Amino acid sequence: DDEAKMMQKIVADVSKNLNVTLSRDCDKVVGLRSHLRKVHSLLCLECDEVKMIGIWGPELYITNSLAVLHLGGTGSVLGISFDMSKISEFSISRRAFARMRNLQFLRFYMNKPGMHKKVSLLDDMEYLPSLKLLDWNSYPRKRFLQNSDQSVSSSTVCNSASSRSYGEESRLLLVNLKKIDLSYSFKLKEIPNLSETSNLEILRLVFCKSLVELPSSISNLHKLKKLIMKGCKKLQVIPTNINLASLDEVDMSNCSSLTTFPDISSNIKHLNVRNTKIREVPPTIGRHWSSLTWLHIGSRNLMTLSYVPESLRKLDLRNSHFITIPDCVISLPFVQSLIIQNCRKLVSLQGLPPSLWCLDATDCRSLTSVLHSFGDPCASFNYRNCVMLEEEPRRRIIQQWDYNYLCLPGKEVPINFTHKATGNSIGVPMSSASSRFKACLLLSPVKGYPLFDITCRLRSKEGILLNEVEYWISGLSPKFLTEHLLIFCGDLFQTDKCHELDITTSEILFEFSCRDNDDKIIECGVHILREEGESSSSAMD
């Protein structure tokens with residue numbers, strides 16, 4: 001094979017000049033043209049299970065592969081995957097793919113984030129009758145797949161900043177298309193008539209900042225499952241009086257001009273319209289959307305709620321301008337997670353849903369009163385930066401709370417914690433009847449937005465590790481405006497190793513550490529729960 005011999009000679013010469021051992025990557029190098037038919041037969045490409053062929057080699061020897069493609073590919077080529085971050089800028093003519101009648105996937109991508117486009121098309125693409133997948137980051141043309149057949153099933157042309165118009169002159173007639181991704185096409189003003197794409201399942205239009213309207217032709221997409229349009233800042237018009245049977249996820253968050261509630265399917269399970277101009281959930285939604293489990297609707301424009309579906313499991317009301325929690329929220333029978341972050345006007349939590357196990361009230365800086373009890377013994381409650389919270393509500397929260405974790409402002413470890421010490425470690429006498437503990441850490445104000453991670457290690461007096469527990473405080477934590485208390489419960493011993501340990505030790509050493517800096521831990525306290533099953537509240541009253 002002349003092509004293979006030439007490649008092996010090049011590799012050998014380069015290796016010799018660099019004084020390095022010949023790479024094993026070049027063993028049994030073959031040329032494409034003379035071996036493609038043999039590879040074709042071995043792979044049984046007519047079988048439905050075969051999805052993709054990959055042909056690769058050392059980076060040095062494939063950087064000019066597109067030039068070969070430009071000079072004339074063959075009908076044997078089934079797919080091209082090309083990393084544009086490894087090449088310099090150059091152009092492709094419209095006939096670069098002319099002889100690739102069997103090309104099924106075409107991917108131009110950039111492995112390094114933040115890079116600008118490096119490949120340009122001199123004219124609109126054509127001659128792709130067998131294409132199944134098109135994935136082209138920073139697609140450089142205004143029109144898309146000129147004269148293409150109806151076989152494409154997935155199309156991703158992200159970051160197409162030059163796509164100023166995508167209208168009728170480039171109308172898609174792709175009946176088998178299942179996915180369209182035009183995300184980050186900043187100049188995209190309209191999307192095509194989608195009447196012919198009846199099999200479409202996913203439509204992504206993330207940060208299409210110039211897009212104003214969702215076309216009425218979306219009413220034909222009865223197989224559409226996901227509609228992702230977050231960050232479309234000019235989006236104002238959404239079709240009405242339609243009900244897409246398969247649609248279960250809609251994300252229109254940060255569509256800051258949107259005023260109309262997207263009542264386009266009663267089967268939606270996850271809906272995100274956070275940070276929009278929507279002011280209310282229509283009564284028809286609250287009464288008839290029985291499948292909705294996640295609703296993210298918080299924004300500065302949301303001042304009241306009269307209706308929310310009873311089927312909700314998670315409700316996100318962050319940034320809203322409530323003074324008190326709406327009654328329709330308190331009465332939700334199944335909701336487990338409630339997010340009210342940054343509700344700066346919220347003054348009182350006069351009640352919460354009975355099934356709630358996770359509350360995030362971070363940065364509710366006007367909150368003074370909390371009048372609810374904890375129904376779930378595994379609850380996690382965050383009152384970070386609720387700096388106006390009064391002393392009596394804080395004391396009651398600490399006494400009632402059990403398991404997982406609690407975070408709230410505080411200046412000292414409460415007297416209820418019978419063992420206290422300055423710093424991040426403390427020795428506690430051991431009782432044979434003890435099995436669980438409750439700990440409290442006094443934390444200094446945190447600068448920046450760290451990932452808050454606390455580790456608690458329990459050792460016997462002899463140094464044997466009895467247990468180790470990590471506590472993650474729900475993702476990125478905003479900086480503490482003042483000192484805070486972090487309170488959590490745990491087991492004294494690892495349940496699965498209890499029988500292997502000598503638990504007759506007279507003292508347990510508690511060691512607490514913080515991922516970023518142990519100096520954040522000013523003081524620590526521990527309360528041992530004396531009896532199996534004893535609750536924290538009963539033990540500390």
# chains A, B, ... in the order shown; residues from 1 in each chain; ligands from 1
$ residues_around --residues "stretch 215-225 of chain A" --least-positions-apart "5" --cutoff "6 Å" --atoms "only C-alpha atoms" --output "list of chain:residue names"
A:Asn193, A:Leu194, A:Ser195, A:Ser198, A:Asn199, A:Leu200, A:Glu201, A:Ile202, A:Pro239, A:Leu244, A:Ala245, A:Ser246, A:Leu247, A:Asp248
$ write_last_selection --atoms "N, CA and C atoms" --output "PDB file, in the first residue's frame"
ATOM      1  N   ASN A 193     -40.384  27.743   9.343  1.00  0.00           N
ATOM      2  CA  ASN A 193     -41.650  27.035   9.470  1.00  0.00           C
ATOM      3  C   ASN A 193     -41.347  25.573   9.776  1.00  0.00           C
ATOM      4  N   LEU A 194     -41.824  25.103  10.919  1.00  0.00           N
ATOM      5  CA  LEU A 194     -41.499  23.751  11.377  1.00  0.00           C
ATOM      6  C   LEU A 194     -42.595  22.744  11.055  1.00  0.00           C
ATOM      7  N   SER A 195     -43.483  23.108  10.149  1.00  0.00           N
ATOM      8  CA  SER A 195     -44.626  22.248   9.849  1.00  0.00           C
ATOM      9  C   SER A 195     -44.206  20.869   9.355  1.00  0.00           C
ATOM     10  N   SER A 198     -42.350  17.017  11.708  1.00  0.00           N
ATOM     11  CA  SER A 198     -43.337  16.440  12.618  1.00  0.00           C
ATOM     12  C   SER A 198     -42.741  15.433  13.600  1.00  0.00           C
ATOM     13  N   ASN A 199     -41.495  14.985  13.354  1.00  0.00           N
ATOM     14  CA  ASN A 199     -40.855  14.027  14.254  1.00  0.00           C
ATOM     15  C   ASN A 199     -39.869  14.686  15.216  1.00  0.00           C
ATOM     16  N   LEU A 200     -39.836  16.001  15.226  1.00  0.00           N
ATOM     17  CA  LEU A 200     -38.893  16.716  16.079  1.00  0.00           C
ATOM     18  C   LEU A 200     -39.180  16.433  17.554  1.00  0.00           C
ATOM     19  N   GLU A 201     -38.108  16.106  18.311  1.00  0.00           N
ATOM     20  CA  GLU A 201     -38.242  15.790  19.733  1.00  0.00           C
ATOM     21  C   GLU A 201     -37.571  16.817  20.634  1.00  0.00           C
ATOM     22  N   ILE A 202     -36.511  17.471  20.143  1.00  0.00           N
ATOM     23  CA  ILE A 202     -35.770  18.432  20.962  1.00  0.00           C
ATOM     24  C   ILE A 202     -35.508  19.690  20.149  1.00  0.00           C
ATOM     25  N   PRO A 239     -47.161  31.027  20.878  1.00  0.00           N
ATOM     26  CA  PRO A 239     -48.474  30.594  20.383  1.00  0.00           C
ATOM     27  C   PRO A 239     -49.415  30.221  21.530  1.00  0.00           C
ATOM     28  N   LEU A 244     -49.364  20.437  23.139  1.00  0.00           N
ATOM     29  CA  LEU A 244     -48.420  19.471  22.582  1.00  0.00           C
ATOM     30  C   LEU A 244     -48.388  18.230  23.469  1.00  0.00           C
ATOM     31  N   ALA A 245     -48.781  17.114  22.897  1.00  0.00           N
ATOM     32  CA  ALA A 245     -49.048  15.906  23.684  1.00  0.00           C
ATOM     33  C   ALA A 245     -47.817  15.337  24.372  1.00  0.00           C
ATOM     34  N   SER A 246     -46.624  15.467  23.749  1.00  0.00           N
ATOM     35  CA  SER A 246     -45.423  14.814  24.279  1.00  0.00           C
ATOM     36  C   SER A 246     -44.522  15.751  25.064  1.00  0.00           C
ATOM     37  N   LEU A 247     -44.814  17.030  25.075  1.00  0.00           N
ATOM     38  CA  LEU A 247     -43.921  18.015  25.684  1.00  0.00           C
ATOM     39  C   LEU A 247     -43.909  17.867  27.201  1.00  0.00           C
ATOM     40  N   ASP A 248     -42.720  17.594  27.773  1.00  0.00           N
ATOM     41  CA  ASP A 248     -42.634  17.441  29.228  1.00  0.00           C
ATOM     42  C   ASP A 248     -41.609  18.364  29.876  1.00  0.00           C
TER      43      ASP A 248
END
$ select_by_dssp --residues "stretch 216-435 of chain A" --states "helix (DSSP H, G or I)" --output "PyMOL selection string"
chain A and resi 216-220+283-288+327-330+391-400
$ residues_around --residues "A:Leu465" --least-positions-apart "6" --cutoff "10 Å" --atoms "only C-alpha atoms" --output "JSON, numbers by chain"
{"A": [457, 458, 459, 493, 494, 501, 508, 509]}
$ atom_distance --atom1 "atom CA of A:Phe186" --atom2 "atom CA of A:Phe207"
6.8 Å
$ closest_residue --among "A:Glu190, A:Asp124, A:Glu249, A:Asp363" --to "A:Thr482" --atoms "only C-alpha atoms"
A:Asp363
$ closest_residue --among "A:Tyr471, A:Tyr109, A:Trp136, A:Tyr307" --to "A:Asp327" --atoms "only C-alpha atoms"
A:Tyr307
$ atom_distance --atom1 "atom CA of A:Leu182" --atom2 "atom CA of A:Arg204"
6.2 Å
$ atom_distance --atom1 "atom CA of A:Ser435" --atom2 "atom CA of A:Cys407"
23.4 Å
$ residues_around --residues "A:Leu312" --least-positions-apart "3" --cutoff "8 Å" --atoms "only C-alpha atoms" --output "ChimeraX atom specification"
/A:292-295,308-309,315,332,334-335
$ select_by_dssp --residues "stretch 328-534 of chain A" --states "strand (DSSP E)" --output "VMD selection string"
chain A and resid 337 to 339 348 to 349 358 to 360 369 to 370 380 to 382 405 to 409 419 to 422 425 to 429 436 to 443 451 to 460 465 to 476 484 to 491 507 to 514 521 to 529
